[in-house]
$ cat upload-v1.pdb   # PDB, C-alpha atoms and all ligand atoms
ATOM      1  CA  MET A  76     102.665  65.865  76.406
ATOM      2  CA  PRO A  77     103.927  67.580  73.226
ATOM      3  CA  LYS A  78     101.398  69.428  71.092
ATOM      4  CA  ALA A  79     101.059  68.929  67.351
ATOM      5  CA  ALA A  80      99.045  71.024  64.887
ATOM      6  CA  PHE A  81      98.425  71.367  61.155
ATOM      7  CA  CYS A  82     100.559  74.153  59.616
ATOM      8  CA  SER A  83      99.043  75.782  56.549
ATOM      9  CA  GLU A  84     102.523  76.843  55.345
ATOM     10  CA  CYS A  85     104.146  73.439  55.791
ATOM     11  CA  HIS A  86     100.997  71.660  54.479
ATOM     12  CA  GLY A  87     101.299  69.011  57.136
ATOM     13  CA  TYR A  88     101.363  68.160  60.800
ATOM     14  CA  VAL A  89     104.123  69.816  62.783
ATOM     15  CA  TRP A  90     105.146  70.114  66.413
ATOM     16  CA  VAL A  91     104.063  73.267  68.125
ATOM     17  CA  ALA A  92     107.096  75.262  69.247
ATOM     18  CA  PRO A  93     107.266  76.723  72.816
ATOM     19  CA  ASP A  94     106.302  80.149  71.395
ATOM     20  CA  GLY A  95     103.027  78.667  70.078
ATOM     21  CA  GLY A  96     104.107  78.748  66.445
ATOM     22  CA  CYS A  97     105.140  76.052  64.011
ATOM     23  CA  MET A  98     108.398  74.161  64.616
ATOM     24  CA  ASN A  99     109.627  75.445  61.238
ATOM     25  CA  GLY A 100     109.200  79.037  62.302
ATOM     26  CA  HIS A 101     105.732  79.841  60.966
ATOM     27  CA  PRO A 102     103.678  81.940  63.386
ATOM     28  CA  GLY A 103     100.787  80.655  65.465
ATOM     29  CA  PRO A 104      97.977  81.856  63.141
ATOM     30  CA  CYS A 105      99.269  79.370  60.531
ATOM     31  CA  LEU A 106      98.389  76.517  62.863
ATOM     32  CA  ARG A 107      95.093  74.695  63.354
ATOM     33  CA  ASP A 108      93.925  71.345  64.632
ATOM     34  CA  PHE A 109      96.006  71.465  67.821
ATOM     35  CA  HIS A 110      96.245  68.154  69.637
ATOM     36  CA  ASP A 111      98.399  66.245  72.117
ATOM     37  CA  ALA A 112     100.582  63.765  70.300
ATOM     38  CA  VAL A 113     103.104  61.041  71.055
ATOM     39  CA  GLY A 114     105.690  59.487  68.724
ATOM     40  CA  PRO A 115     106.759  60.808  65.328
ATOM     41  CA  LEU A 116     104.396  62.764  63.078
ATOM     42  CA  PRO A 117     103.798  61.825  59.427
ATOM     43  CA  PRO A 118     106.367  63.311  56.997
ATOM     44  CA  LEU A 119     105.672  66.676  55.401
ATOM     45  CA  PRO A 120     104.739  66.675  51.685
ATOM     46  CA  GLY A 121     107.833  66.230  49.532
ATOM     47  CA  HIS A 122     109.770  64.562  52.367
ATOM     48  CA  THR A 123     110.153  60.892  53.223
ATOM     49  CA  ASP A 124     111.269  61.128  56.875
ATOM     50  CA  SER A 125     108.658  61.293  59.571
ATOM     51  CA  ILE A 126     109.061  64.142  62.031
ATOM     52  CA  PRO A 127     110.524  62.965  65.348
ATOM     53  CA  ALA A 128     108.854  63.964  68.564
ATOM     54  CA  PRO A 129     110.496  66.929  70.289
ATOM     55  CA  VAL A 130     112.844  66.141  73.116
ATOM     56  CA  PRO A 131     110.960  67.137  76.249
ATOM     57  CA  THR A 132     112.484  70.126  77.949
ATOM     58  CA  TYR A 133     114.220  69.004  81.096
ATOM     59  CA  GLU A 134     112.758  70.611  84.180
ATOM     60  CA  PRO A 135     114.963  70.275  87.228
ATOM     61  CA  PRO A 136     113.088  69.189  90.342
ATOM     62  CA  PRO A 137     112.384  72.045  92.746
ATOM     63  CA  LEU A 138     115.227  72.561  95.183
ATOM     64  CA  PRO A 139     114.490  71.384  98.701
ATOM     65  CA  PRO A 140     114.039  74.283 101.081
ATOM     66  CA  THR A 141     117.117  75.259 103.016
ATOM     67  CA  CYS A 142     116.941  73.071 106.042
ATOM     68  CA  VAL A 143     118.775  71.851 109.100
ATOM     69  CA  GLY A 144     117.320  68.723 110.664
ATOM     70  CA  ALA A 145     113.628  69.437 111.221
ATOM     71  CA  ILE A 146     113.924  73.158 110.488
ATOM     72  CA  THR A 147     112.720  74.305 107.087
ATOM     73  CA  ALA A 148     112.880  77.800 105.665
ATOM     74  CA  ASP A 149     109.081  78.232 105.626
ATOM     75  CA  ARG A 150     108.778  77.509 109.364
ATOM     76  CA  VAL A 151     111.241  80.212 110.346
ATOM     77  CA  ASP A 152     109.959  82.979 108.102
ATOM     78  CA  ILE A 153     108.099  84.719 110.899
ATOM     79  CA  LEU A 154     109.847  88.025 111.349
ATOM     80  CA  GLY A 155     106.614  89.914 112.130
ATOM     81  CA  ARG A 156     105.566  87.440 114.811
ATOM     82  CA  ARG A 157     109.013  87.517 116.384
ATOM     83  CA  ALA A 158     108.990  91.300 116.510
ATOM     84  CA  GLY A 159     105.488  91.286 118.014
ATOM     85  CA  ALA A 160     106.375  88.658 120.587
ATOM     86  CA  PHE A 161     109.524  90.512 121.568
ATOM     87  CA  ALA A 162     107.706  93.818 121.963
ATOM     88  CA  LEU A 163     105.077  92.148 124.130
ATOM     89  CA  ASP A 164     107.695  90.324 126.237
ATOM     90  CA  TRP A 165     109.643  93.539 126.628
ATOM     91  CA  ILE A 166     106.584  95.326 128.005
ATOM     92  CA  ILE A 167     105.522  92.436 130.257
ATOM     93  CA  GLY A 168     109.068  91.677 131.358
ATOM     94  CA  GLN A 169     110.028  95.249 132.007
ATOM     95  CA  THR A 170     106.880  96.037 133.964
ATOM     96  CA  LEU A 171     107.348  92.903 136.019
ATOM     97  CA  THR A 172     111.066  93.156 136.594
ATOM     98  CA  TYR A 173     111.185  96.884 137.198
ATOM     99  CA  HIS A 174     108.939  96.617 140.209
ATOM    100  CA  VAL A 175     110.650  93.504 141.536
ATOM    101  CA  GLY A 176     114.013  95.132 140.889
ATOM    102  CA  ARG A 177     112.959  98.220 142.795
ATOM    103  CA  MET A 178     111.854  96.174 145.758
ATOM    104  CA  LEU A 179     115.050  94.094 145.699
ATOM    105  CA  ALA A 180     117.264  97.157 145.400
ATOM    106  CA  SER A 181     115.353  98.832 148.180
ATOM    107  CA  ALA A 182     115.693  95.792 150.427
ATOM    108  CA  LEU A 183     119.402  95.385 149.645
ATOM    109  CA  SER A 184     120.157  99.022 150.298
ATOM    110  CA  GLY A 185     118.366  98.892 153.608
ATOM    111  CA  GLY A 186     115.375 100.933 152.500
ATOM    112  CA  ALA A 187     115.455 104.302 150.776
ATOM    113  CA  THR A 188     115.083 106.266 153.964
ATOM    114  CA  THR A 189     118.349 108.187 154.021
ATOM    115  CA  SER A 190     119.643 110.148 151.048
ATOM    116  CA  GLY A 191     122.737 107.905 150.721
ATOM    117  CA  ALA A 192     120.602 104.782 150.583
ATOM    118  CA  GLY A 193     118.314 106.536 148.108
ATOM    119  CA  VAL A 194     121.158 107.040 145.651
ATOM    120  CA  LEU A 195     122.360 103.463 146.132
ATOM    121  CA  TRP A 196     118.802 102.305 145.578
ATOM    122  CA  LEU A 197     118.569 104.238 142.299
ATOM    123  CA  VAL A 198     121.937 102.988 141.090
ATOM    124  CA  MET A 199     121.097  99.386 141.910
ATOM    125  CA  THR A 200     117.622  99.390 140.408
ATOM    126  CA  VAL A 201     118.877  99.498 136.824
ATOM    127  CA  PRO A 202     121.271  96.511 136.827
ATOM    128  CA  ILE A 203     118.968  94.422 138.996
ATOM    129  CA  SER A 204     115.973  95.159 136.775
ATOM    130  CA  LEU A 205     118.017  94.382 133.658
ATOM    131  CA  ALA A 206     119.284  91.115 135.120
ATOM    132  CA  LEU A 207     115.708  90.175 135.997
ATOM    133  CA  LEU A 208     114.551  91.074 132.473
ATOM    134  CA  TYR A 209     117.187  88.748 131.010
ATOM    135  CA  GLY A 210     116.141  86.177 133.597
ATOM    136  CA  TYR A 211     112.544  86.464 132.394
ATOM    137  CA  PHE A 212     113.488  85.443 128.844
ATOM    138  CA  PHE A 213     115.931  82.797 130.019
ATOM    139  CA  ALA A 214     113.630  81.192 132.588
ATOM    140  CA  PHE A 215     110.645  80.890 130.254
ATOM    141  CA  GLU A 216     112.680  79.617 127.322
ATOM    142  CA  ALA A 217     114.652  77.148 129.440
ATOM    143  CA  ALA A 218     111.549  75.807 131.176
ATOM    144  CA  LEU A 219     108.984  75.897 128.368
ATOM    145  CA  GLY A 220     110.694  76.848 125.119
ATOM    146  CA  PHE A 221     108.543  79.964 124.831
ATOM    147  CA  THR A 222     107.859  83.222 126.619
ATOM    148  CA  PRO A 223     104.360  84.672 127.173
ATOM    149  CA  GLY A 224     104.889  86.852 124.071
ATOM    150  CA  LYS A 225     105.923  83.843 121.986
ATOM    151  CA  LEU A 226     102.924  81.896 123.293
ATOM    152  CA  ILE A 227     100.520  84.606 122.169
ATOM    153  CA  PHE A 228     102.205  84.951 118.768
ATOM    154  CA  ARG A 229     102.315  81.146 118.418
ATOM    155  CA  ILE A 230     106.048  80.740 117.989
ATOM    156  CA  ARG A 231     108.624  78.845 119.998
ATOM    157  CA  VAL A 232     112.335  78.247 120.352
ATOM    158  CA  VAL A 233     113.537  74.786 119.312
ATOM    159  CA  ASN A 234     116.778  72.935 118.641
ATOM    160  CA  SER A 235     117.776  71.582 115.225
ATOM    161  CA  GLN A 236     115.599  68.508 115.800
ATOM    162  CA  GLY A 237     112.589  70.727 116.376
ATOM    163  CA  ARG A 238     112.529  69.814 120.086
ATOM    164  CA  ARG A 239     112.718  71.867 123.268
ATOM    165  CA  ILE A 240     116.013  73.605 123.882
ATOM    166  CA  SER A 241     118.326  72.845 126.813
ATOM    167  CA  CYS A 242     119.118  75.215 129.682
ATOM    168  CA  LEU A 243     122.549  75.871 128.188
ATOM    169  CA  GLN A 244     121.010  76.754 124.835
ATOM    170  CA  ALA A 245     118.568  79.131 126.525
ATOM    171  CA  LEU A 246     121.465  80.682 128.428
ATOM    172  CA  LYS A 247     123.540  81.187 125.273
ATOM    173  CA  ARG A 248     120.761  82.635 123.113
ATOM    174  CA  ASN A 249     119.791  85.075 125.853
ATOM    175  CA  ALA A 250     123.333  86.050 126.824
ATOM    176  CA  ALA A 251     123.874  87.097 123.209
ATOM    177  CA  ARG A 252     120.879  89.428 123.388
ATOM    178  CA  VAL A 253     123.330  92.074 124.594
ATOM    179  CA  VAL A 254     124.797  92.070 121.095
ATOM    180  CA  ASP A 255     121.559  91.434 119.191
ATOM    181  CA  LEU A 256     119.909  94.417 120.890
ATOM    182  CA  ILE A 257     122.577  96.911 119.830
ATOM    183  CA  LEU A 258     121.015  99.823 117.890
ATOM    184  CA  TRP A 259     117.552  99.039 119.280
ATOM    185  CA  GLY A 260     117.686  95.496 117.920
ATOM    186  CA  GLY A 261     119.079  96.563 114.553
ATOM    187  CA  VAL A 262     122.006  94.157 114.829
ATOM    188  CA  GLY A 263     119.737  91.192 115.578
ATOM    189  CA  PHE A 264     117.339  92.236 112.831
ATOM    190  CA  ALA A 265     120.153  92.458 110.256
ATOM    191  CA  LEU A 266     121.537  89.077 111.304
ATOM    192  CA  VAL A 267     118.093  87.456 111.145
ATOM    193  CA  SER A 268     117.413  88.985 107.718
ATOM    194  CA  ALA A 269     120.741  87.761 106.345
ATOM    195  CA  SER A 270     120.387  84.261 107.800
ATOM    196  CA  PRO A 271     118.718  81.569 105.647
ATOM    197  CA  LEU A 272     117.161  80.032 108.761
ATOM    198  CA  ARG A 273     116.479  83.394 110.422
ATOM    199  CA  GLN A 274     118.948  83.091 113.292
ATOM    200  CA  ARG A 275     120.165  86.064 115.248
ATOM    201  CA  LEU A 276     123.561  85.851 116.939
ATOM    202  CA  GLY A 277     122.068  84.187 120.021
ATOM    203  CA  ASP A 278     120.398  81.543 117.859
ATOM    204  CA  ARG A 279     123.664  80.771 116.092
ATOM    205  CA  TRP A 280     125.618  80.528 119.298
ATOM    206  CA  GLY A 281     122.988  78.420 121.046
ATOM    207  CA  GLU A 282     122.133  76.487 117.841
ATOM    208  CA  THR A 283     118.477  77.390 118.275
ATOM    209  CA  PHE A 284     115.690  78.307 115.879
ATOM    210  CA  VAL A 285     112.481  80.234 116.312
ATOM    211  CA  VAL A 286     109.652  78.452 114.495
ATOM    212  CA  ARG A 287     105.908  78.874 114.057
ATOM    213  CA  VAL A 288     103.838  76.379 116.032
TER     214      VAL A 288
HETATM  215 ZN    ZN B 301     105.038  75.501  59.266
END

$ encode --input "upload-v1.pdb" --output "structure tokens"
Amino acid sequence: MPKAAFCSECHGYVWVAPDGGCMNGHPGPCLRDFHDAVGPLPPLPGHTDSIPAPVPTYEPPPLPPTCVGAITADRVDILGRRAGAFALDWIIGQTLTYHVGRMLASALSGGATTSGAGVLWLVMTVPISLALLYGYFFAFEAALGFTPGKLIFRIRVVNSQGRRISCLQALKRNAARVVDLILWGGVGFALVSASPLRQRLGDRWGETFVVRV
């Protein structure tokens, strides 16, 4: 509601300007008897026209948050949690898959008993362990929509409707990790930071979002 006050310079009631002074330019200390007012004010001495009420300043409604379906900007602003979840998953996944990978490589190379098999075993451990590590992320996200790390940090992967992602979506977002992890995750981090809905390359390709629970 507009404010009116008595201006000692104008000798009458005036509208209070946004700067707190008189509508005719007299400073705030000239004003007293502030009050909320509606409609025109009585005319100033020496004038016949009453003073019309100020046109209220138009305030545009707040813009809706950037959103896609059920995904709003505030639900995806969880960079810290994502980093924490990923670090945790990396440790859990790597520990798990390294040992399984070693056993698998050992079994496939017929046991590391001879020196030739030992080299083969070493060479095979890396790709097998890596494949298993990718499988860890894929399997959990495809089956549950979250990994153990995401569970602990209370975040999950969803589609644009906010529902569980499909197997294909899980496959796409994890296949693209190869790119997102370039420069120790710097590429993914830059993409997430630049994206209004915090999507790394894998999220864009799979049309997935990581949201807080
Ligand atoms: Zn005045």

$ residues_around --input "upload-v1.pdb" --residues "Gly96 (chain A)" --least-positions-apart "5" --cutoff "12 Å" --atoms "all atoms listed in the file" --output "NGL selection string"
:A and (78-85 or 89-91 or 101-107 or 109)

$ resolve_selection --input "upload-v1.pdb" --expression "the PyMOL selection byres (((chain A and resi 144) around 9) and not hetatm)" --output "PyMOL selection string"
chain A and resi 142-143+145-147+235-237

$ residues_around --input "upload-v1.pdb" --residues "region 115-124 of chain A" --least-positions-apart "3" --cutoff "6 Å" --atoms "only C-alpha atoms" --output "count of residues only"
3

$ atom_distance --input "upload-v1.pdb" --atom1 "CA of Glu282 (chain A)" --atom2 "CA of Leu154 (chain A)"
18.1 Å

$ atom_distance --input "upload-v1.pdb" --atom1 "CA of Phe161 (chain A)" --atom2 "CA of Thr222 (chain A)"
9.0 Å

$ atom_distance --input "upload-v1.pdb" --atom1 "CA of Tyr209 (chain A)" --atom2 "CA of Leu195 (chain A)"
21.7 Å

$ resolve_selection --input "upload-v1.pdb" --expression "the PyMOL selection byres (((chain A and resi 250) around 10) and not hetatm)" --output "ChimeraX atom specification"
/A:209-210,213,244-249,251-255,276-277,280-281

$ residues_around --input "upload-v1.pdb" --residues "Cys242 (chain A)" --least-positions-apart "6" --cutoff "9 Å" --atoms "all atoms listed in the file" --output "ChimeraX atom specification"
/A:213-214,216-218

$ closest_residue --input "upload-v1.pdb" --among "A:Leu256, A:Ile153, A:Ala265, A:Ala148" --to "Trp165 (chain A)" --atoms "all atoms listed in the file"
A:Leu256

$ closest_residue --input "upload-v1.pdb" --among "A:Ile240, A:Leu226, A:Val288, A:Met76" --to "Gly159 (chain A)" --atoms "only C-alpha atoms"
A:Leu226

$ residues_near_point --input "upload-v1.pdb" --point "(104.6, 86.3, 119.2)" --cutoff "8 Å" --atoms "only C-alpha atoms" --output "ChimeraX atom specification"
/A:156-161,163,224-230

$ write_last_selection --input "upload-v1.pdb" --atoms "C-alpha atoms" --output "PDB file, in the frame of the given file"
ATOM      1  CA  ARG A 156     105.566  87.440 114.811  1.00  0.00           C
ATOM      2  CA  ARG A 157     109.013  87.517 116.384  1.00  0.00           C
ATOM      3  CA  ALA A 158     108.990  91.300 116.510  1.00  0.00           C
ATOM      4  CA  GLY A 159     105.488  91.286 118.014  1.00  0.00           C
ATOM      5  CA  ALA A 160     106.375  88.658 120.587  1.00  0.00           C
ATOM      6  CA  PHE A 161     109.524  90.512 121.568  1.00  0.00           C
ATOM      7  CA  LEU A 163     105.077  92.148 124.130  1.00  0.00           C
ATOM      8  CA  GLY A 224     104.889  86.852 124.071  1.00  0.00           C
ATOM      9  CA  LYS A 225     105.923  83.843 121.986  1.00  0.00           C
ATOM     10  CA  LEU A 226     102.924  81.896 123.293  1.00  0.00           C
ATOM     11  CA  ILE A 227     100.520  84.606 122.169  1.00  0.00           C
ATOM     12  CA  PHE A 228     102.205  84.951 118.768  1.00  0.00           C
ATOM     13  CA  ARG A 229     102.315  81.146 118.418  1.00  0.00           C
ATOM     14  CA  ILE A 230     106.048  80.740 117.989  1.00  0.00           C
TER      15      ILE A 230
END

$ resolve_selection --input "upload-v1.pdb" --expression "the PyMOL selection byres (((chain A and resi 285) around 7) and not hetatm)" --output "mmCIF file with C-alpha atoms, keeping the file's coordinate frame"
data_model
loop_
_atom_site.group_PDB
_atom_site.id
_atom_site.type_symbol
_atom_site.label_atom_id
_atom_site.label_comp_id
_atom_site.auth_asym_id
_atom_site.auth_seq_id
_atom_site.Cartn_x
_atom_site.Cartn_y
_atom_site.Cartn_z
ATOM 1 C CA VAL A 151 111.241 80.212 110.346
ATOM 2 C CA ILE A 230 106.048 80.740 117.989
ATOM 3 C CA ARG A 231 108.624 78.845 119.998
ATOM 4 C CA VAL A 232 112.335 78.247 120.352
ATOM 5 C CA VAL A 233 113.537 74.786 119.312
ATOM 6 C CA THR A 283 118.477 77.390 118.275
ATOM 7 C CA PHE A 284 115.690 78.307 115.879
ATOM 8 C CA VAL A 286 109.652 78.452 114.495
#

$ closest_residue --input "upload-v1.pdb" --among "A:Ser125, A:Asn99, A:Ser270, A:Thr172" --to "ligand ZN 301 (chain B)" --atoms "all atoms listed in the file"
A:Asn99

$ closest_residue --input "upload-v1.pdb" --among "A:Met98, A:Val267, A:Leu207, A:Met199" --to "ligand ZN 301 (chain B)" --atoms "all atoms listed in the file"
A:Met98

$ closest_residue --input "upload-v1.pdb" --among "A:His110, A:Arg279, A:His174, A:His86" --to "ligand ZN 301 (chain B)" --atoms "all atoms listed in the file"
A:His86

$ decode --input "upload-v1.pdb" --residues "region 227-246 of chain A" --atoms "N, CA and C atoms" --output "PDB file, in the first residue's frame"
ATOM      1  N   ILE A 227      24.200 -43.480   0.420  1.00  0.00           N
ATOM      2  CA  ILE A 227      24.727 -42.849   1.640  1.00  0.00           C
ATOM      3  C   ILE A 227      24.613 -41.326   1.554  1.00  0.00           C
ATOM      4  N   PHE A 228      24.859 -40.772   0.366  1.00  0.00           N
ATOM      5  CA  PHE A 228      24.768 -39.313   0.218  1.00  0.00           C
ATOM      6  C   PHE A 228      23.356 -38.849  -0.163  1.00  0.00           C
ATOM      7  N   ARG A 229      22.403 -39.773  -0.102  1.00  0.00           N
ATOM      8  CA  ARG A 229      20.988 -39.472  -0.331  1.00  0.00           C
ATOM      9  C   ARG A 229      20.712 -38.763  -1.650  1.00  0.00           C
ATOM     10  N   ILE A 230      21.266 -39.314  -2.723  1.00  0.00           N
ATOM     11  CA  ILE A 230      20.945 -38.817  -4.053  1.00  0.00           C
ATOM     12  C   ILE A 230      20.610 -40.013  -4.935  1.00  0.00           C
ATOM     13  N   ARG A 231      19.920 -39.752  -6.030  1.00  0.00           N
ATOM     14  CA  ARG A 231      19.656 -40.860  -6.956  1.00  0.00           C
ATOM     15  C   ARG A 231      19.518 -40.371  -8.387  1.00  0.00           C
ATOM     16  N   VAL A 232      19.633 -41.321  -9.304  1.00  0.00           N
ATOM     17  CA  VAL A 232      19.533 -41.006 -10.727  1.00  0.00           C
ATOM     18  C   VAL A 232      18.087 -41.229 -11.162  1.00  0.00           C
ATOM     19  N   VAL A 233      17.503 -40.232 -11.817  1.00  0.00           N
ATOM     20  CA  VAL A 233      16.115 -40.353 -12.275  1.00  0.00           C
ATOM     21  C   VAL A 233      15.997 -39.884 -13.719  1.00  0.00           C
ATOM     22  N   ASN A 234      14.840 -40.211 -14.327  1.00  0.00           N
ATOM     23  CA  ASN A 234      14.560 -39.692 -15.671  1.00  0.00           C
ATOM     24  C   ASN A 234      13.855 -38.340 -15.540  1.00  0.00           C
ATOM     25  N   SER A 235      13.436 -37.776 -16.656  1.00  0.00           N
ATOM     26  CA  SER A 235      12.854 -36.423 -16.618  1.00  0.00           C
ATOM     27  C   SER A 235      11.525 -36.374 -15.868  1.00  0.00           C
ATOM     28  N   GLN A 236      10.906 -37.532 -15.659  1.00  0.00           N
ATOM     29  CA  GLN A 236       9.670 -37.571 -14.868  1.00  0.00           C
ATOM     30  C   GLN A 236       9.957 -37.785 -13.377  1.00  0.00           C
ATOM     31  N   GLY A 237      11.231 -37.859 -13.050  1.00  0.00           N
ATOM     32  CA  GLY A 237      11.598 -38.072 -11.651  1.00  0.00           C
ATOM     33  C   GLY A 237      11.488 -39.528 -11.247  1.00  0.00           C
ATOM     34  N   ARG A 238      11.361 -40.438 -12.234  1.00  0.00           N
ATOM     35  CA  ARG A 238      11.224 -41.865 -11.926  1.00  0.00           C
ATOM     36  C   ARG A 238      12.525 -42.604 -12.225  1.00  0.00           C
ATOM     37  N   ARG A 239      12.516 -43.914 -11.888  1.00  0.00           N
ATOM     38  CA  ARG A 239      13.718 -44.717 -12.056  1.00  0.00           C
ATOM     39  C   ARG A 239      14.118 -44.793 -13.522  1.00  0.00           C
ATOM     40  N   ILE A 240      15.414 -44.821 -13.766  1.00  0.00           N
ATOM     41  CA  ILE A 240      15.882 -44.838 -15.148  1.00  0.00           C
ATOM     42  C   ILE A 240      15.830 -46.252 -15.704  1.00  0.00           C
ATOM     43  N   SER A 241      15.833 -46.354 -17.042  1.00  0.00           N
ATOM     44  CA  SER A 241      15.812 -47.658 -17.708  1.00  0.00           C
ATOM     45  C   SER A 241      17.241 -48.201 -17.796  1.00  0.00           C
ATOM     46  N   CYS A 242      17.328 -49.480 -18.191  1.00  0.00           N
ATOM     47  CA  CYS A 242      18.641 -50.112 -18.378  1.00  0.00           C
ATOM     48  C   CYS A 242      19.448 -49.372 -19.431  1.00  0.00           C
ATOM     49  N   LEU A 243      18.771 -48.981 -20.511  1.00  0.00           N
ATOM     50  CA  LEU A 243      19.457 -48.286 -21.607  1.00  0.00           C
ATOM     51  C   LEU A 243      20.004 -46.952 -21.115  1.00  0.00           C
ATOM     52  N   GLN A 244      19.215 -46.259 -20.312  1.00  0.00           N
ATOM     53  CA  GLN A 244      19.674 -44.972 -19.774  1.00  0.00           C
ATOM     54  C   GLN A 244      20.882 -45.160 -18.869  1.00  0.00           C
ATOM     55  N   ALA A 245      20.846 -46.218 -18.055  1.00  0.00           N
ATOM     56  CA  ALA A 245      21.980 -46.508 -17.168  1.00  0.00           C
ATOM     57  C   ALA A 245      23.220 -46.841 -17.995  1.00  0.00           C
ATOM     58  N   LEU A 246      22.992 -47.583 -19.090  1.00  0.00           N
ATOM     59  CA  LEU A 246      24.100 -47.957 -19.964  1.00  0.00           C
ATOM     60  C   LEU A 246      24.731 -46.718 -20.596  1.00  0.00           C
TER      61      LEU A 246
END
